[in-house]
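**Student:** Okay, handing you the structure first.
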Amino acid sequence: MRYRKEVDLHLEILESEMKTLTRIVQMQYPVQEFMAVLERTTIRVDKIRELISLEPRTNQEIAQ
C-alpha cells in the first residue's frame, strides 16, 4: 500500500477524535462542539476513502 503512512496517520487522528466525542458526551458539553468534531471526523473518513481509491486494485477485486 503506497499511502499506508498517510492512512495510518488519519486513522490515529480519527481514534483521537472519537475519544474527544466520548469526552464531550460524558462532560455534557454543548452540542455545537460535538457537531464540530463530528464534521472533522467525516472529512477525515472521506480523505481515507480517497487515499484507498488511489490504490491499484487486484485482479480478485476487479472480478467482483
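Just so we're on the same page: first chain in the C-alpha cells is A, next is B, and so on; residues restart at 1 for each chain, and ligands are numbered from 1 in the order they show up.
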Taking 3 positions as the minimum chain separation for residues in the same chain, which residues sit within 9 Å of A:Leu38 when counting only C-alpha atoms? Answer as a ChimeraX atom specification.

**Tutor:** /A:17-18,21,33-35,41-43

**Student:** Using the selection just defined, write its residues with N, CA, C and O atoms as a PDB file, in the first residue's frame.

**Tutor:**
```
ATOM      1  N   GLU A  17     -10.152  11.704  17.766  1.00  0.00           N
ATOM      2  CA  GLU A  17     -11.395  12.468  17.673  1.00  0.00           C
ATOM      3  C   GLU A  17     -12.577  11.691  18.249  1.00  0.00           C
ATOM      4  O   GLU A  17     -13.489  12.278  18.837  1.00  0.00           O
ATOM      5  N   MET A  18     -12.556  10.366  18.122  1.00  0.00           N
ATOM      6  CA  MET A  18     -13.614   9.553  18.723  1.00  0.00           C
ATOM      7  C   MET A  18     -13.555   9.636  20.250  1.00  0.00           C
ATOM      8  O   MET A  18     -14.594   9.718  20.916  1.00  0.00           O
ATOM      9  N   LEU A  21     -15.056  12.899  21.170  1.00  0.00           N
ATOM     10  CA  LEU A  21     -16.523  12.840  21.128  1.00  0.00           C
ATOM     11  C   LEU A  21     -17.082  12.176  22.378  1.00  0.00           C
ATOM     12  O   LEU A  21     -18.074  12.656  22.954  1.00  0.00           O
ATOM     13  N   GLU A  33     -20.075  21.805  19.930  1.00  0.00           N
ATOM     14  CA  GLU A  33     -18.732  21.224  19.995  1.00  0.00           C
ATOM     15  C   GLU A  33     -18.738  19.805  19.444  1.00  0.00           C
ATOM     16  O   GLU A  33     -17.843  19.415  18.689  1.00  0.00           O
ATOM     17  N   PHE A  34     -19.746  19.046  19.810  1.00  0.00           N
ATOM     18  CA  PHE A  34     -19.878  17.681  19.314  1.00  0.00           C
ATOM     19  C   PHE A  34     -19.992  17.684  17.798  1.00  0.00           C
ATOM     20  O   PHE A  34     -19.316  16.919  17.107  1.00  0.00           O
ATOM     21  N   MET A  35     -20.828  18.548  17.265  1.00  0.00           N
ATOM     22  CA  MET A  35     -21.052  18.601  15.823  1.00  0.00           C
ATOM     23  C   MET A  35     -19.781  19.026  15.078  1.00  0.00           C
ATOM     24  O   MET A  35     -19.508  18.534  13.986  1.00  0.00           O
ATOM     25  N   THR A  41     -14.373  14.555  11.710  1.00  0.00           N
ATOM     26  CA  THR A  41     -14.185  13.115  11.517  1.00  0.00           C
ATOM     27  C   THR A  41     -14.761  12.664  10.181  1.00  0.00           C
ATOM     28  O   THR A  41     -14.172  11.812   9.510  1.00  0.00           O
ATOM     29  N   THR A  42     -15.874  13.244   9.785  1.00  0.00           N
ATOM     30  CA  THR A  42     -16.469  12.902   8.493  1.00  0.00           C
ATOM     31  C   THR A  42     -15.537  13.289   7.355  1.00  0.00           C
ATOM     32  O   THR A  42     -15.336  12.509   6.406  1.00  0.00           O
ATOM     33  N   ILE A  43     -14.927  14.450   7.443  1.00  0.00           N
ATOM     34  CA  ILE A  43     -13.961  14.890   6.430  1.00  0.00           C
ATOM     35  C   ILE A  43     -12.767  13.947   6.399  1.00  0.00           C
ATOM     36  O   ILE A  43     -12.274  13.566   5.335  1.00  0.00           O
TER      37      ILE A  43
END
```

**Student:** Please compute the atom CA of A:Arg44-atom CA of A:Arg4 distance, one decimal, in Å.

**Tutor:**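 Answer for the atom CA of A:Arg44 to atom CA of A:Arg4 separation: 14.9 Å.
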
**Student:** Point out the residue among A:Arg2, A:Arg23, A:His10, A:Arg40 with the least atom-to-atom distance to A:Glu55, counting only C-alpha atoms.

**Tutor:**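 That would be A:Arg2, the residue with the smallest distance to A:Glu55.
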
**Student:** Just to confirm, what's the straight-line distance from atom CA of A:Glu61 to atom CA of A:Asp46 in Å (one decimal)?

**Tutor:**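 Taking atom CA of A:Glu61 as the start and atom CA of A:Asp46 as the end point, the length is 20.7 Å.
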
**Student:** Could you tell me which of A:Arg57, A:Gln64, A:Leu14, A:Val31 comes closest to A:Met1 if we count only C-alpha atoms?

**Tutor:**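 Smallest separation from A:Met1 among the options: A:Arg57.
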
**Student:** Quick one, how far is atom CA of A:Val7 from atom CA of A:Lys47?

**Tutor:**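 Answer for the atom CA of A:Val7 to atom CA of A:Lys47 separation: 8.6 Å.
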
**Student:** Quick one: of A:Ile24, A:Gln60, A:Ile52, A:Pro30, who's nearest to A:Glu6, counting only C-alpha atoms?

**Tutor:** A:Ile52

**Student:** Using only C-alpha atoms, which residue out of A:Thr58, A:Val25, A:Ile48, A:Gln32 lies closest to A:Ile13?

**Tutor:**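 Answer, going by the shortest atom-to-atom distance: A:Ile48.
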